[in-house]
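Q: I have a structure here, written as structure tokens, and I will follow up with some questions on it.
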Amino acid sequence: MDDDGEFTYALKTVLRDVRAQCPVQPDVRKDDDEFRGVMLYGPDGSGQGVYAEPDGRPAMLLAHVADQVQEWAVEALWGRGEPAVWPQCPSHPDTHPLAATVEQVAEGDAVWVCPSTGDTAARIGELPVSESGGGVSGRAFRRGRGGRKRVRRGR
């Protein structure tokens with residue numbers, strides 16, 4: 001897969017989670033051919049760039065893209081006067097969002113984890129569809145697996 005293909009796959013994977021659980025949906029545009037990424041626009045017209053420089057580690061690329069999309073979602077929610085928490089932590093609703101990180105086992109999986117407990121909620125791209133379109137059902141939350149080392153991405 002080429003660099004653009006890796007980025008496109010990562011973005012589509014993260015946007016699947018946005019569709020599943022975020023009440024604000026982005027307008028995704030490729031505004032400038034010079035920019036190696038896309039712009040996400042909110043309902044108020046504000047935009048944020050999302051990009052990634054693939055380095056051969058798909059899980060790290062996916063976590064990096066998820067982190068940027070999460071920043072957009074939190075700002076878009078805040079702009080609409082809604083709780084600025086996405087994705088919701090199923091164990092601590094309306095307290096803090098899940099964090100994008102990589103679990104290290106062989107190649108590693110990009111996952112959403114509770115920043116308080118380190119418990120894995122779901123693989124990035126596999127958040128359950130919420131009944132209300134904006135909350136977490138909690139049914140997919142699972143405890144961190146023994147023997148897996150969680151590596152927190154630096155910001």
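Naming scheme: A, B, ... for chains in displayed order of the structure tokens; residues 1 onward per chain; ligands 1 onward as shown.
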From a backbone DSSP assignment, name each residue in chain A labelled strand (DSSP E or B), as a ChimeraX atom specification.

A: /A:27-29,37-41,47-51,88,97,99-104,109-113,120-123,149-151

Q: Within range 26-79 of chain A, find each residue whose DSSP state, derived from the backbone, is helix (DSSP H, G or I), and express the selection as a count of residues only.

A: 22

Q: Using 10 Å as the limit and counting only C-alpha atoms, can you tabulate each residue of range 22-77 of chain A that touches range 89-108 of chain A, with its shortest atom-to-atom distance in Å and the two atoms involved, as JSON lines?

A:
{"residue": "A:Arg57", "atom": "CA", "partner": "A:Glu107", "partner_atom": "CA", "distance": 7.9}
{"residue": "A:Pro58", "atom": "CA", "partner": "A:Glu107", "partner_atom": "CA", "distance": 8.6}
{"residue": "A:Ala59", "atom": "CA", "partner": "A:Gly108", "partner_atom": "CA", "distance": 6.3}
{"residue": "A:Met60", "atom": "CA", "partner": "A:Val102", "partner_atom": "CA", "distance": 6.6}
{"residue": "A:Leu61", "atom": "CA", "partner": "A:Val102", "partner_atom": "CA", "distance": 9.8}
{"residue": "A:Leu62", "atom": "CA", "partner": "A:Ala100", "partner_atom": "CA", "distance": 8.7}
{"residue": "A:Ala63", "atom": "CA", "partner": "A:Ala100", "partner_atom": "CA", "distance": 5.3}
{"residue": "A:His64", "atom": "CA", "partner": "A:Ala100", "partner_atom": "CA", "distance": 7.7}
{"residue": "A:Val65", "atom": "CA", "partner": "A:Ala100", "partner_atom": "CA", "distance": 9.1}
{"residue": "A:Ala66", "atom": "CA", "partner": "A:Ala100", "partner_atom": "CA", "distance": 6.3}
{"residue": "A:Asp67", "atom": "CA", "partner": "A:Ala100", "partner_atom": "CA", "distance": 6.0}
{"residue": "A:Gln68", "atom": "CA", "partner": "A:Ala100", "partner_atom": "CA", "distance": 9.7}
{"residue": "A:Gln70", "atom": "CA", "partner": "A:Ala100", "partner_atom": "CA", "distance": 8.7}
{"residue": "A:Val74", "atom": "CA", "partner": "A:Pro97", "partner_atom": "CA", "distance": 9.0}

Q: Could you write out the selected residues, including N, CA, C and O atoms, as a short mmCIF file (atom, residue, chain, number, x, y, z; two decimals), in the first residue's frame?

A:
data_model
loop_
_atom_site.label_atom_id
_atom_site.label_comp_id
_atom_site.auth_asym_id
_atom_site.auth_seq_id
_atom_site.Cartn_x
_atom_site.Cartn_y
_atom_site.Cartn_z
N ARG A 57 4.59 1.70 10.10
CA ARG A 57 3.92 1.11 11.26
C ARG A 57 2.44 1.48 11.20
O ARG A 57 2.04 2.52 11.71
N PRO A 58 1.62 0.64 10.58
CA PRO A 58 0.21 0.97 10.39
C PRO A 58 -0.53 1.30 11.68
O PRO A 58 -1.38 2.20 11.68
N ALA A 59 -0.25 0.61 12.76
CA ALA A 59 -0.96 0.88 14.01
C ALA A 59 -0.64 2.28 14.54
O ALA A 59 -1.52 2.98 15.04
N MET A 60 0.61 2.71 14.42
CA MET A 60 0.98 4.05 14.87
C MET A 60 0.33 5.11 13.98
O MET A 60 -0.14 6.14 14.48
N LEU A 61 0.28 4.86 12.69
CA LEU A 61 -0.39 5.79 11.77
C LEU A 61 -1.86 5.91 12.13
O LEU A 61 -2.40 7.02 12.23
N LEU A 62 -2.51 4.79 12.38
CA LEU A 62 -3.93 4.79 12.74
C LEU A 62 -4.16 5.55 14.04
O LEU A 62 -5.08 6.37 14.14
N ALA A 63 -3.35 5.33 15.04
CA ALA A 63 -3.49 6.04 16.32
C ALA A 63 -3.26 7.54 16.14
O ALA A 63 -3.95 8.37 16.74
N HIS A 64 -2.30 7.91 15.29
CA HIS A 64 -2.01 9.32 15.04
C HIS A 64 -3.20 10.01 14.35
O HIS A 64 -3.59 11.12 14.73
N VAL A 65 -3.77 9.36 13.35
CA VAL A 65 -4.93 9.92 12.66
C VAL A 65 -6.12 9.99 13.63
O VAL A 65 -6.84 10.99 13.67
N ALA A 66 -6.32 8.96 14.44
CA ALA A 66 -7.43 8.96 15.41
C ALA A 66 -7.29 10.12 16.39
O ALA A 66 -8.28 10.78 16.74
N ASP A 67 -6.08 10.40 16.82
CA ASP A 67 -5.83 11.50 17.75
C ASP A 67 -6.23 12.84 17.12
O ASP A 67 -6.87 13.67 17.77
N GLN A 68 -5.90 13.04 15.85
CA GLN A 68 -6.25 14.29 15.17
C GLN A 68 -7.75 14.42 14.94
O GLN A 68 -8.33 15.50 15.13
N GLN A 70 -10.02 13.01 16.72
CA GLN A 70 -10.60 13.23 18.05
C GLN A 70 -10.54 14.71 18.42
O GLN A 70 -11.50 15.27 18.96
N VAL A 74 -13.90 16.88 19.34
CA VAL A 74 -14.08 17.57 20.63
C VAL A 74 -14.38 19.06 20.39
O VAL A 74 -15.29 19.62 21.01
#

Q: So that I can check the surroundings of Asp32 in chain A, please list as a ChimeraX atom specification every protein, DNA and RNA residue that reaches within 12 Å of it, counting only C-alpha atoms and ignoring chain neighbours fewer than 6 positions away.

A: /A:38-39,49

Q: For those residues, write all heavy atoms to a file as a PDB file, in the first residue's frame.

A:
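Once everything was written out, this is part.pdb:
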ATOM      1  N   VAL A  38      -6.249  15.888   4.612  1.00  0.00           N
ATOM      2  CA  VAL A  38      -7.585  16.384   4.315  1.00  0.00           C
ATOM      3  C   VAL A  38      -7.962  17.421   5.352  1.00  0.00           C
ATOM      4  O   VAL A  38      -7.318  17.548   6.390  1.00  0.00           O
ATOM      5  CB  VAL A  38      -8.638  15.247   4.307  1.00  0.00           C
ATOM      6  CG1 VAL A  38      -8.335  14.212   3.233  1.00  0.00           C
ATOM      7  CG2 VAL A  38      -8.749  14.591   5.674  1.00  0.00           C
ATOM      8  N   MET A  39      -9.020  18.143   5.052  1.00  0.00           N
ATOM      9  CA  MET A  39      -9.591  19.081   6.013  1.00  0.00           C
ATOM     10  C   MET A  39     -10.923  18.513   6.485  1.00  0.00           C
ATOM     11  O   MET A  39     -11.702  18.005   5.679  1.00  0.00           O
ATOM     12  CB  MET A  39      -9.824  20.447   5.368  1.00  0.00           C
ATOM     13  CG  MET A  39      -8.551  21.182   5.002  1.00  0.00           C
ATOM     14  SD  MET A  39      -7.575  21.715   6.425  1.00  0.00           S
ATOM     15  CE  MET A  39      -8.664  22.925   7.172  1.00  0.00           C
ATOM     16  N   GLY A  49      -7.040  20.508   9.783  1.00  0.00           N
ATOM     17  CA  GLY A  49      -6.324  19.585   8.917  1.00  0.00           C
ATOM     18  C   GLY A  49      -6.006  18.289   9.628  1.00  0.00           C
ATOM     19  O   GLY A  49      -5.727  18.275  10.828  1.00  0.00           O
TER      20      GLY A  49
END

Q: List the neighbours of Lys30 in chain A out to 12 Å using only C-alpha atoms; skip same-chain residues closer than 2 positions along the sequence, and give me the result as a ChimeraX atom specification.

A: /A:8,27-28,32-41,47-51

Q: Store the residues picked out above, limited to N, CA and C atoms, as a short mmCIF file (atom, residue, chain, number, x, y, z; two decimals), in the first residue's frame.

A:
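This is the output file part.cif:
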data_model
loop_
_atom_site.label_atom_id
_atom_site.label_comp_id
_atom_site.auth_asym_id
_atom_site.auth_seq_id
_atom_site.Cartn_x
_atom_site.Cartn_y
_atom_site.Cartn_z
N THR A 8 -5.35 7.07 3.68
CA THR A 8 -6.78 6.96 3.35
C THR A 8 -7.44 5.84 4.14
N ASP A 27 -17.45 17.29 7.42
CA ASP A 27 -17.43 17.41 5.97
C ASP A 27 -15.96 17.25 5.61
N VAL A 28 -15.59 16.15 4.96
CA VAL A 28 -14.20 15.84 4.67
C VAL A 28 -13.88 16.34 3.27
N ASP A 32 -6.47 21.25 -0.93
CA ASP A 32 -5.22 21.71 -1.53
C ASP A 32 -4.38 20.51 -1.92
N ASP A 33 -4.00 20.43 -3.17
CA ASP A 33 -3.19 19.31 -3.63
C ASP A 33 -1.81 19.28 -2.99
N GLU A 34 -1.34 20.41 -2.48
CA GLU A 34 -0.03 20.48 -1.84
C GLU A 34 -0.06 19.90 -0.42
N PHE A 35 -1.22 19.90 0.21
CA PHE A 35 -1.37 19.42 1.59
C PHE A 35 -1.53 17.91 1.57
N ARG A 36 -0.68 17.20 2.29
CA ARG A 36 -0.74 15.73 2.33
C ARG A 36 -1.72 15.28 3.39
N GLY A 37 -2.95 15.61 3.21
CA GLY A 37 -3.98 15.25 4.16
C GLY A 37 -5.32 15.75 3.67
N VAL A 38 -6.25 15.89 4.61
CA VAL A 38 -7.58 16.38 4.31
C VAL A 38 -7.96 17.42 5.35
N MET A 39 -9.02 18.14 5.05
CA MET A 39 -9.59 19.08 6.01
C MET A 39 -10.92 18.51 6.48
N LEU A 40 -11.16 18.59 7.78
CA LEU A 40 -12.45 18.23 8.36
C LEU A 40 -13.13 19.54 8.74
N TYR A 41 -14.34 19.73 8.25
CA TYR A 41 -15.10 20.93 8.56
C TYR A 41 -16.30 20.57 9.41
N GLY A 47 -12.60 24.52 10.36
CA GLY A 47 -11.94 23.34 9.83
C GLY A 47 -10.63 23.04 10.53
N GLN A 48 -10.23 21.81 10.40
CA GLN A 48 -8.96 21.36 10.95
C GLN A 48 -8.33 20.37 9.99
N GLY A 49 -7.04 20.51 9.78
CA GLY A 49 -6.32 19.58 8.92
C GLY A 49 -6.01 18.29 9.63
N VAL A 50 -6.07 17.21 8.89
CA VAL A 50 -5.68 15.89 9.38
C VAL A 50 -4.69 15.33 8.37
N TYR A 51 -3.55 14.90 8.86
CA TYR A 51 -2.51 14.39 7.98
C TYR A 51 -1.73 13.32 8.72
#
